[in-house]
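This is query-v7.cif. It holds mmCIF, C-alpha atoms and all ligand atoms.
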```cif
data_final
#
loop_
_atom_site.label_atom_id
_atom_site.label_comp_id
_atom_site.auth_asym_id
_atom_site.auth_seq_id
_atom_site.Cartn_x
_atom_site.Cartn_y
_atom_site.Cartn_z
CA MET A 4 54.98 -8.74 35.40
CA ARG A 5 52.29 -9.79 32.91
CA ILE A 6 53.05 -12.49 30.37
CA LEU A 7 50.89 -13.51 27.40
CA LEU A 8 52.07 -16.85 25.97
CA ILE A 9 51.12 -17.82 22.41
CA HIS A 10 52.28 -21.15 20.97
CA SER A 11 52.77 -20.27 17.33
CA ASP A 12 53.67 -21.63 13.90
CA TYR A 13 55.73 -18.45 13.52
CA ILE A 14 56.23 -14.90 14.70
CA GLU A 15 57.77 -12.21 12.58
CA TYR A 16 58.39 -8.53 13.30
CA GLU A 17 59.67 -5.44 11.55
CA VAL A 18 60.93 -2.34 13.35
CA LYS A 19 59.10 0.81 12.23
CA ASP A 20 60.21 3.65 14.47
CA LYS A 21 61.62 4.60 17.86
CA ALA A 22 58.98 4.53 20.59
CA ILE A 23 61.18 5.89 23.39
CA LYS A 24 64.09 8.35 23.55
CA ASN A 25 66.79 5.69 24.06
CA PRO A 26 65.67 2.40 22.54
CA GLU A 27 67.95 -0.66 22.60
CA PRO A 28 70.72 -0.19 19.99
CA ILE A 29 70.16 -2.68 17.16
CA SER A 30 72.03 -3.80 14.04
CA GLU A 31 70.53 -3.60 10.54
CA GLU A 32 69.68 -7.31 10.58
CA GLU A 33 67.85 -6.96 13.91
CA LYS A 34 65.34 -4.60 12.30
CA LYS A 35 63.47 -7.64 11.02
CA GLY A 36 63.17 -11.10 12.54
CA ARG A 37 61.24 -14.35 12.36
CA MET A 38 61.10 -17.52 14.41
CA ASP A 39 59.18 -20.71 13.54
CA GLU A 40 57.60 -23.35 15.80
CA VAL A 41 57.88 -21.05 18.78
CA LEU A 42 56.39 -20.16 22.14
CA VAL A 43 56.02 -16.38 22.02
CA ALA A 44 56.12 -14.55 25.37
CA PHE A 45 54.67 -11.05 25.20
CA ILE A 46 55.94 -9.44 28.42
CA SER A 47 54.95 -6.25 30.24
CA VAL A 48 57.31 -5.39 33.07
CA GLU A 49 55.42 -3.65 35.88
CA LYS A 50 56.29 -1.03 38.46
CA VAL A 51 55.97 -3.58 41.28
CA ASP A 52 58.69 -5.69 39.62
CA GLU A 53 61.21 -2.97 40.48
CA THR A 54 61.04 -4.06 44.14
CA ASN A 55 62.71 -7.41 43.38
CA PRO A 56 63.89 -7.81 39.78
CA GLU A 57 65.91 -10.99 40.48
CA GLU A 58 62.87 -12.78 41.89
CA VAL A 59 60.67 -11.72 38.97
CA VAL A 60 63.28 -12.82 36.42
CA SER A 61 63.68 -16.29 37.93
CA LYS A 62 59.90 -16.78 38.29
CA ALA A 63 59.31 -15.64 34.71
CA VAL A 64 61.95 -18.04 33.36
CA GLU A 65 60.39 -20.86 35.42
CA GLU A 66 56.85 -20.11 34.21
CA ILE A 67 57.87 -19.81 30.55
CA ILE A 68 59.87 -23.07 30.71
CA ASN A 69 56.95 -24.80 32.40
CA VAL A 70 54.66 -23.91 29.48
CA ALA A 71 57.36 -24.57 26.84
CA SER A 72 57.77 -28.13 28.16
CA GLN A 73 53.98 -28.68 28.23
CA VAL A 74 53.56 -27.58 24.59
CA LYS A 75 56.89 -29.17 23.59
CA ALA A 76 58.35 -25.93 22.23
CA GLU A 77 62.14 -25.75 21.92
CA ASN A 78 62.08 -22.22 20.57
CA VAL A 79 61.02 -19.27 22.73
CA PHE A 80 60.62 -15.65 21.62
CA VAL A 81 60.72 -12.77 24.14
CA TYR A 82 58.62 -9.84 22.92
CA PRO A 83 58.73 -6.60 24.95
CA PHE A 84 55.07 -5.54 25.10
CA ALA A 85 53.88 -2.50 26.99
CA HIS A 86 50.14 -3.16 26.67
CA LEU A 87 49.36 -5.85 29.21
CA SER A 88 49.43 -3.50 32.19
CA SER A 89 48.60 0.05 33.16
CA GLU A 90 51.36 0.09 35.81
CA LEU A 91 54.48 -0.16 33.64
CA ALA A 92 58.03 -0.19 34.97
CA LYS A 93 60.25 2.54 33.55
CA PRO A 94 61.97 1.54 30.29
CA SER A 95 65.50 1.26 31.72
CA VAL A 96 64.39 -1.24 34.37
CA ALA A 97 62.11 -3.10 31.96
CA GLN A 98 64.87 -3.48 29.38
CA GLU A 99 67.27 -4.95 31.95
CA ILE A 100 64.67 -7.38 33.34
CA LEU A 101 63.72 -8.55 29.84
CA ARG A 102 67.41 -9.03 28.95
CA LYS A 103 67.83 -11.24 32.04
CA VAL A 104 64.73 -13.29 31.16
CA TYR A 105 66.20 -13.80 27.67
CA GLU A 106 69.61 -14.81 29.12
CA GLY A 107 67.95 -17.07 31.71
CA LEU A 108 66.05 -19.00 29.04
CA LYS A 109 69.24 -19.40 26.97
CA GLU A 110 71.12 -20.70 30.02
CA LYS A 111 68.42 -23.37 30.38
CA GLY A 112 69.21 -24.58 26.87
CA TYR A 113 66.36 -23.02 24.88
CA ASN A 114 66.80 -21.51 21.45
CA VAL A 115 65.68 -17.95 22.29
CA GLY A 116 64.83 -15.02 20.04
CA LYS A 117 63.84 -11.52 21.06
CA ALA A 118 62.28 -8.44 19.55
CA PRO A 119 64.11 -5.12 20.00
CA PHE A 120 63.13 -3.03 23.02
CA GLY A 121 61.75 0.50 22.66
CA TYR A 122 60.53 0.51 19.07
CA TYR A 123 57.18 0.53 17.34
CA LYS A 124 57.09 -2.74 15.42
CA ALA A 125 54.82 -4.40 12.89
CA PHE A 126 54.37 -8.09 13.68
CA LYS A 127 52.62 -11.18 12.36
CA ILE A 128 51.89 -14.24 14.44
CA SER A 129 50.19 -17.56 13.70
CA CYS A 130 48.65 -19.07 16.83
CA LYS A 131 48.38 -22.88 16.72
CA GLY A 132 44.94 -22.84 18.35
CA HIS A 133 45.26 -26.00 20.51
CA PRO A 134 43.93 -25.85 24.10
CA LEU A 135 47.26 -24.68 25.60
CA ALA A 136 48.16 -22.32 22.73
CA GLU A 137 46.97 -19.19 24.57
CA LEU A 138 47.96 -18.71 28.21
CA SER A 139 48.72 -15.77 30.50
CA ARG A 140 50.71 -15.50 33.71
CA THR A 141 51.03 -12.77 36.32
CA ILE A 142 54.18 -12.62 38.43
CA ILE A 143 54.30 -10.49 41.58
CA PRO A 144 57.49 -10.28 43.64
CA GLU A 145 56.93 -11.29 47.29
CA GLY A 146 60.25 -10.05 48.69
N1 LIG B 201 57.47 -1.70 31.12
C1 LIG B 201 57.72 -2.17 29.87
N2 LIG B 201 57.57 -3.49 29.60
C2 LIG B 201 57.81 -3.95 28.36
N3 LIG B 201 58.20 -3.18 27.32
C3 LIG B 201 58.37 -1.86 27.55
C4 LIG B 201 58.13 -1.30 28.82
N4 LIG B 201 58.35 0.05 28.75
C5 LIG B 201 58.73 0.30 27.48
N5 LIG B 201 58.75 -0.85 26.75
C6 LIG B 201 59.22 -0.92 25.37
O1 LIG B 201 59.19 0.40 24.83
C7 LIG B 201 58.17 0.50 23.83
C8 LIG B 201 57.38 1.76 24.07
O2 LIG B 201 56.85 1.69 25.35
S1 LIG B 201 55.46 2.38 25.55
O3 LIG B 201 55.22 2.39 26.94
O4 LIG B 201 54.52 1.73 24.73
N6 LIG B 201 55.60 3.85 24.97
C9 LIG B 201 56.43 4.76 25.54
O5 LIG B 201 57.05 4.48 26.51
C10 LIG B 201 56.57 6.09 24.83
N7 LIG B 201 55.67 6.15 23.70
C11 LIG B 201 56.18 7.20 25.82
O6 LIG B 201 54.90 6.92 26.26
C12 LIG B 201 57.34 -0.76 23.94
O7 LIG B 201 56.82 -1.14 22.68
C13 LIG B 201 58.38 -1.75 24.44
O8 LIG B 201 59.20 -2.18 23.37
#
```
As structure tokens, what does this structure read like?
Amino acid sequence: MRILLIHSDYIEYEVKDKAIKNPEPISEEEKKGRMDEVLVAFISVEKVDETNPEEVVSKAVEEIINVASQVKAENVFVYPFAHLSSELAKPSVAQEILRKVYEGLKEKGYNVGKAPFGYYKAFKISCKGHPLAELSRTIIPEG
């Protein structure tokens, strides 16, 4: 799994079109979204993650929380992003892993947003620009 973390003043997105045959079903209001004062996690789920999804989910939640506490972000935004790796997991597995990362962060008490999975989206982001505002993490399952 590849994660790009951007501590931001805001992130906003707008769904444009389906990018895969069976994207995540979404309501009308989920076609647009915005979150302010937020740690945005752009996440590419990789083929290797399919060997141990549970381990990757718990490590991802741990890594994201670790950065959120360092930058004092209470809001986290999970953004499915297929462009941080050339070895992508198939969409069905990726969607499930991302859902579990989202749920895991909520269980830890964070206010969590997410962008819909499987769509082309326009987005705007405002990076805060401090020394820890741009970080990346790579998670590889051992088991
Ligand atoms: N492995 C993955 N990790 C994260 N997001 C993914 C992954 N696979 C698919 N997605 C989601 O599905 C969308 C499209 O994925 S994509 O790989 O860019 N494109 C496609 O799969 C199709 N255009 C066929 O190539 C992405 O924007 C993302 O929302």
Residue list as JSON, numbers by chain for point (57.3, 2.0, 13.3), cut-off 7 Å, only C-alpha atoms: {"A": [18, 19, 20, 21, 122, 123, 124, 125]}
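Using only C-alpha atoms, the nearest neighbour of Lys93 in chain A within the list A:Val74, A:Ile6, A:Ile29, A:Val48 is A:Val48.
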Selection within 12 Å of ligand LIG 201 (chain B) by all atoms listed in the file, output as a VMD selection string: chain A and resid 4 to 7 16 18 to 27 44 to 53 81 to 102 104 117 to 126
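Within a radius of 7 Å around (46.9, -20.0, 17.5), the polymer residues are A:Ile9, A:His10, A:Ser11, A:Ser129, A:Cys130, A:Lys131, A:Gly132, A:His133, A:Ala136, counting all atoms listed in the file.
With CA of Glu106 in chain A on one side and CA of Val60 in chain A on the other, the separation reads 9.9 Å.
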Coordinates-based distance that separates CA of Phe80 in chain A from CA of Gly116 in chain A (Å, one decimal): 4.5 Å
Pairwise distance for CA of Ala63 in chain A and CA of Val79 in chain A, rounded to one decimal in Å: 12.6 Å
